[in-house]
Amino acid sequence: MNPTIAAASVLAAALAVGLGAIGPGIGQGTAAGQAVEGIARQPEAEGKIRATLLLSLAFMEALTIYGLVVALILLFANPFS
Amino acid sequence: MNNSESTLHSTIEKNSESEISTPELADNSMGEFYQLRNNLLMGTIFVALVGSSLTLFFYDWQTSLNYLLGTCFGLVYLNMLARSVERVGLTKKTSGWSRLAIFIGLMIVAIKREQLQVVPVFLGFITYKVAILSYLLPLNLWDQQNKAESKN
């Protein structure tokens, strides 16, 4: 593989994972914090709050997974090599 | 003196009753969460069976097996996510790396092995999102319809 392409691919993979994880990370932290706060205020609604948290976390973590897919393909099955 | 003692006793009894009833209340309220988790797991299995049979019909059995492999890992991932949500607020350490490690391992194996194809494995892994959407959309539409009817 061309060294320039290899270096660019590694950099792009790092950026894809790093930048792709920032948004979902902040979102997941905020959502989990608010959920815990809600459970502390209303313990009787714990099941409902956790169910909503599960759904929102499933959607948020998918964004990290998309970044990971791009990074893994760039690293292990680079289409530009 | 007797009055104050009886008040004290009743307060203590009330407190002890509330202490006993709170965990029971929490257990009862968690029923909705467990129901959602089971619905999502069963929905994912159902969508996976439909998807794999469609893949078998339009492509070949190898692609179908790849899709099923991705779905199995997606189920494990969803179960781990549900377990971590169940533990939110109860334990200090919550890490999503073990969940992502499953996905990374699956994708690396799919890329490296000649027998496995990346796209069906990835789409199989993402099947849980289809199950979530198919669970949420009817609920949302039904809710909106109810709101519109109550306005009228």
# chains A, B, ... in the order shown; residues from 1 in each chain; ligands from 1
>>> residues_around(residues="range 132-147 of chain B", least_positions_apart="3", cutoff="12 Å", atoms="only C-alpha atoms", output="mmCIF file with C-alpha atoms, in the first residue's frame")
data_model
loop_
_atom_site.group_PDB
_atom_site.id
_atom_site.type_symbol
_atom_site.label_atom_id
_atom_site.label_comp_id
_atom_site.auth_asym_id
_atom_site.auth_seq_id
_atom_site.Cartn_x
_atom_site.Cartn_y
_atom_site.Cartn_z
ATOM 1 C CA ALA A 51 -37.250 1.579 29.428
ATOM 2 C CA THR A 52 -36.988 5.017 27.824
ATOM 3 C CA LEU A 54 -32.745 1.727 27.020
ATOM 4 C CA LEU A 55 -34.384 2.915 23.806
ATOM 5 C CA SER A 56 -32.485 6.192 23.710
ATOM 6 C CA LEU A 57 -29.140 4.541 24.510
ATOM 7 C CA ALA A 58 -29.707 1.959 21.767
ATOM 8 C CA PHE A 59 -30.149 4.755 19.237
ATOM 9 C CA LEU B 36 -39.819 -3.897 26.936
ATOM 10 C CA ARG B 37 -36.537 -5.847 27.017
ATOM 11 C CA ASN B 38 -38.311 -9.134 26.321
ATOM 12 C CA ASN B 39 -40.393 -7.533 23.559
ATOM 13 C CA LEU B 40 -37.273 -6.139 21.918
ATOM 14 C CA LEU B 41 -35.433 -9.470 22.114
ATOM 15 C CA MET B 42 -38.396 -11.393 20.721
ATOM 16 C CA GLY B 43 -38.953 -8.731 18.040
ATOM 17 C CA THR B 44 -35.298 -8.949 17.015
ATOM 18 C CA ILE B 45 -35.548 -12.739 16.724
ATOM 19 C CA PHE B 46 -38.710 -12.403 14.626
ATOM 20 C CA VAL B 47 -37.182 -9.771 12.297
ATOM 21 C CA LEU B 78 -28.864 -5.709 23.059
ATOM 22 C CA ILE B 126 -28.225 -3.702 13.110
ATOM 23 C CA THR B 127 -31.426 -5.801 13.037
ATOM 24 C CA TYR B 128 -32.188 -4.825 16.638
ATOM 25 C CA LYS B 129 -32.778 -1.260 15.436
ATOM 26 C CA SER B 150 -59.221 13.681 22.657
ATOM 27 C CA LYS B 151 -58.799 17.184 21.166
ATOM 28 C CA ASN B 152 -61.812 16.655 18.936
#
>>> residues_around(residues="Val119 in chain B", least_positions_apart="6", cutoff="12 Å", atoms="only C-alpha atoms", output="list of chain:residue names")
A:Val69, A:Ile73, B:Thr63, B:Ser64, B:Asn66, B:Tyr67, B:Leu69, B:Gly70, B:Leu106, B:Met107, B:Ala110, B:Ile111, B:Phe125, B:Ile126
>>> atom_distance(atom1="CA of Met30 in chain B", atom2="CA of Gly74 in chain B")
23.5 Å
>>> select_by_dssp(residues="range 31-99 of chain B", states="alpha helix (DSSP H)", output="MDAnalysis selection string")
chainID B and resid 31:58 61:87 97:99
>>> closest_atom_pairs(of="chain B", to="chain A", cutoff="9 Å", atoms="only C-alpha atoms", output="tab-separated table")
residue	atom	partner	partner_atom	distance
B:Thr22	CA	A:Pro43	CA	8.1
B:Leu25	CA	A:Glu44	CA	6.2
B:Ala26	CA	A:Glu44	CA	6.0
B:Asp27	CA	A:Gly47	CA	8.5
B:Asn28	CA	A:Gly47	CA	8.2
B:Ser29	CA	A:Gly47	CA	4.8
B:Met30	CA	A:Gly47	CA	3.9
B:Gly31	CA	A:Gly47	CA	6.3
B:Glu32	CA	A:Gly47	CA	5.2
B:Phe33	CA	A:Ala51	CA	4.7
B:Tyr34	CA	A:Gly47	CA	7.9
B:Gln35	CA	A:Ala51	CA	8.9
B:Leu36	CA	A:Ala51	CA	6.5
B:Arg37	CA	A:Ala51	CA	7.8
B:Leu78	CA	A:Ala58	CA	7.8
B:Leu81	CA	A:Leu54	CA	7.3
B:Ala82	CA	A:Leu54	CA	6.3
B:Ser84	CA	A:Leu54	CA	9.0
B:Val85	CA	A:Leu54	CA	6.1
B:Glu86	CA	A:Arg50	CA	7.0
B:Val88	CA	A:Ala32	CA	7.1
B:Gly89	CA	A:Val36	CA	5.8
B:Leu100	CA	A:Ile65	CA	7.7
B:Phe103	CA	A:Ile65	CA	8.0
B:Ile104	CA	A:Leu68	CA	7.6
B:Met107	CA	A:Leu72	CA	7.5
B:Ile108	CA	A:Leu72	CA	7.2
B:Ile111	CA	A:Ala77	CA	6.7
B:Lys112	CA	A:Phe76	CA	7.6
B:Phe122	CA	A:Val69	CA	8.5
B:Ile126	CA	A:Ala62	CA	8.3
B:Tyr128	CA	A:Ala58	CA	8.9
B:Lys129	CA	A:Phe59	CA	7.6
B:Ile132	CA	A:Leu55	CA	7.4
>>> write_last_selection(atoms="N, CA and C atoms", output="tab-separated table (two decimals), in the first residue's frame")
chain	number	residue	atom	x	y	z
B	22	THR	N	-41.08	0.26	49.73
B	22	THR	CA	-40.34	0.90	48.64
B	22	THR	C	-39.68	-0.09	47.68
B	25	LEU	N	-42.29	-1.67	45.60
B	25	LEU	CA	-42.76	-0.72	44.60
B	25	LEU	C	-41.80	-0.66	43.43
B	26	ALA	N	-40.50	-0.63	43.76
B	26	ALA	CA	-39.49	-0.58	42.70
B	26	ALA	C	-39.54	-1.83	41.84
B	27	ASP	N	-39.71	-3.01	42.51
B	27	ASP	CA	-39.78	-4.27	41.76
B	27	ASP	C	-40.97	-4.25	40.81
B	28	ASN	N	-42.13	-3.75	41.33
B	28	ASN	CA	-43.32	-3.71	40.49
B	28	ASN	C	-43.15	-2.76	39.32
B	29	SER	N	-42.50	-1.60	39.58
B	29	SER	CA	-42.36	-0.61	38.51
B	29	SER	C	-41.37	-1.07	37.44
B	30	MET	N	-40.45	-1.98	37.82
B	30	MET	CA	-39.47	-2.47	36.84
B	30	MET	C	-40.09	-3.43	35.83
B	31	GLY	N	-41.33	-3.84	36.09
B	31	GLY	CA	-42.00	-4.77	35.18
B	31	GLY	C	-42.07	-4.25	33.76
B	32	GLU	N	-42.30	-2.94	33.64
B	32	GLU	CA	-42.41	-2.33	32.30
B	32	GLU	C	-41.09	-2.44	31.54
B	33	PHE	N	-39.99	-2.24	32.28
B	33	PHE	CA	-38.67	-2.33	31.66
B	33	PHE	C	-38.38	-3.76	31.18
B	34	TYR	N	-38.67	-4.74	32.05
B	34	TYR	CA	-38.41	-6.13	31.67
B	34	TYR	C	-39.29	-6.55	30.49
B	35	GLN	N	-40.52	-6.02	30.49
B	35	GLN	CA	-41.43	-6.33	29.38
B	35	GLN	C	-40.88	-5.76	28.06
B	36	LEU	N	-40.39	-4.51	28.14
B	36	LEU	CA	-39.82	-3.90	26.94
B	36	LEU	C	-38.61	-4.69	26.45
B	37	ARG	N	-37.74	-5.09	27.39
B	37	ARG	CA	-36.54	-5.85	27.02
B	37	ARG	C	-36.92	-7.15	26.33
B	78	LEU	N	-27.64	-6.32	22.50
B	78	LEU	CA	-28.86	-5.71	23.06
B	78	LEU	C	-29.09	-6.16	24.50
B	81	LEU	N	-26.68	-4.33	26.66
B	81	LEU	CA	-27.11	-2.94	26.82
B	81	LEU	C	-28.24	-2.85	27.85
B	82	ALA	N	-29.19	-3.79	27.75
B	82	ALA	CA	-30.31	-3.80	28.70
B	82	ALA	C	-29.80	-4.05	30.12
B	84	SER	N	-26.84	-3.25	31.27
B	84	SER	CA	-26.15	-2.05	31.78
B	84	SER	C	-27.15	-0.96	32.15
B	85	VAL	N	-28.26	-0.86	31.40
B	85	VAL	CA	-29.30	0.12	31.75
B	85	VAL	C	-29.95	-0.27	33.07
B	86	GLU	N	-30.08	-1.58	33.29
B	86	GLU	CA	-30.67	-2.07	34.54
B	86	GLU	C	-29.81	-1.69	35.74
B	88	VAL	N	-27.79	1.04	35.84
B	88	VAL	CA	-27.49	2.48	35.92
B	88	VAL	C	-27.97	3.02	37.27
B	89	GLY	N	-27.07	3.69	37.96
B	89	GLY	CA	-27.42	4.27	39.26
B	89	GLY	C	-27.20	3.32	40.42
B	100	LEU	N	-18.94	-2.78	22.88
B	100	LEU	CA	-18.33	-2.40	21.61
B	100	LEU	C	-17.26	-3.41	21.19
B	103	PHE	N	-18.72	-6.07	19.07
B	103	PHE	CA	-18.94	-5.64	17.69
B	103	PHE	C	-17.62	-5.56	16.92
B	104	ILE	N	-16.58	-5.01	17.59
B	104	ILE	CA	-15.28	-4.88	16.91
B	104	ILE	C	-14.75	-6.27	16.55
B	107	MET	N	-16.67	-7.72	13.58
B	107	MET	CA	-16.36	-7.09	12.30
B	107	MET	C	-14.96	-7.47	11.82
B	108	ILE	N	-14.01	-7.55	12.75
B	108	ILE	CA	-12.64	-7.91	12.34
B	108	ILE	C	-12.63	-9.34	11.79
B	111	ILE	N	-14.21	-9.33	8.39
B	111	ILE	CA	-13.35	-8.75	7.34
B	111	ILE	C	-12.21	-9.70	6.99
B	112	LYS	N	-11.64	-10.35	8.01
B	112	LYS	CA	-10.46	-11.18	7.79
B	112	LYS	C	-10.79	-12.53	7.16
B	122	PHE	N	-22.97	-6.99	9.16
B	122	PHE	CA	-23.28	-5.69	9.76
B	122	PHE	C	-24.80	-5.44	9.78
B	126	ILE	N	-27.37	-4.90	12.98
B	126	ILE	CA	-28.22	-3.70	13.11
B	126	ILE	C	-29.71	-4.09	13.19
B	128	TYR	N	-31.50	-5.23	15.41
B	128	TYR	CA	-32.19	-4.82	16.64
B	128	TYR	C	-32.81	-3.45	16.51
B	129	LYS	N	-32.21	-2.60	15.63
B	129	LYS	CA	-32.78	-1.26	15.44
B	129	LYS	C	-34.11	-1.34	14.70
B	132	ILE	N	-36.60	-2.24	17.24
B	132	ILE	CA	-36.95	-1.09	18.09
B	132	ILE	C	-37.90	-0.15	17.35
>>> atom_distance(atom1="CA of Gly18 in chain A", atom2="CA of Gly67 in chain A")
8.4 Å
>>> atom_distance(atom1="CA of Leu90 in chain B", atom2="CA of Gly23 in chain A")
24.6 Å
>>> closest_residue(among="A:Met1, A:Ala14, A:Ala7, A:Ile22", to="Ser81 in chain A", atoms="only C-alpha atoms")
A:Met1
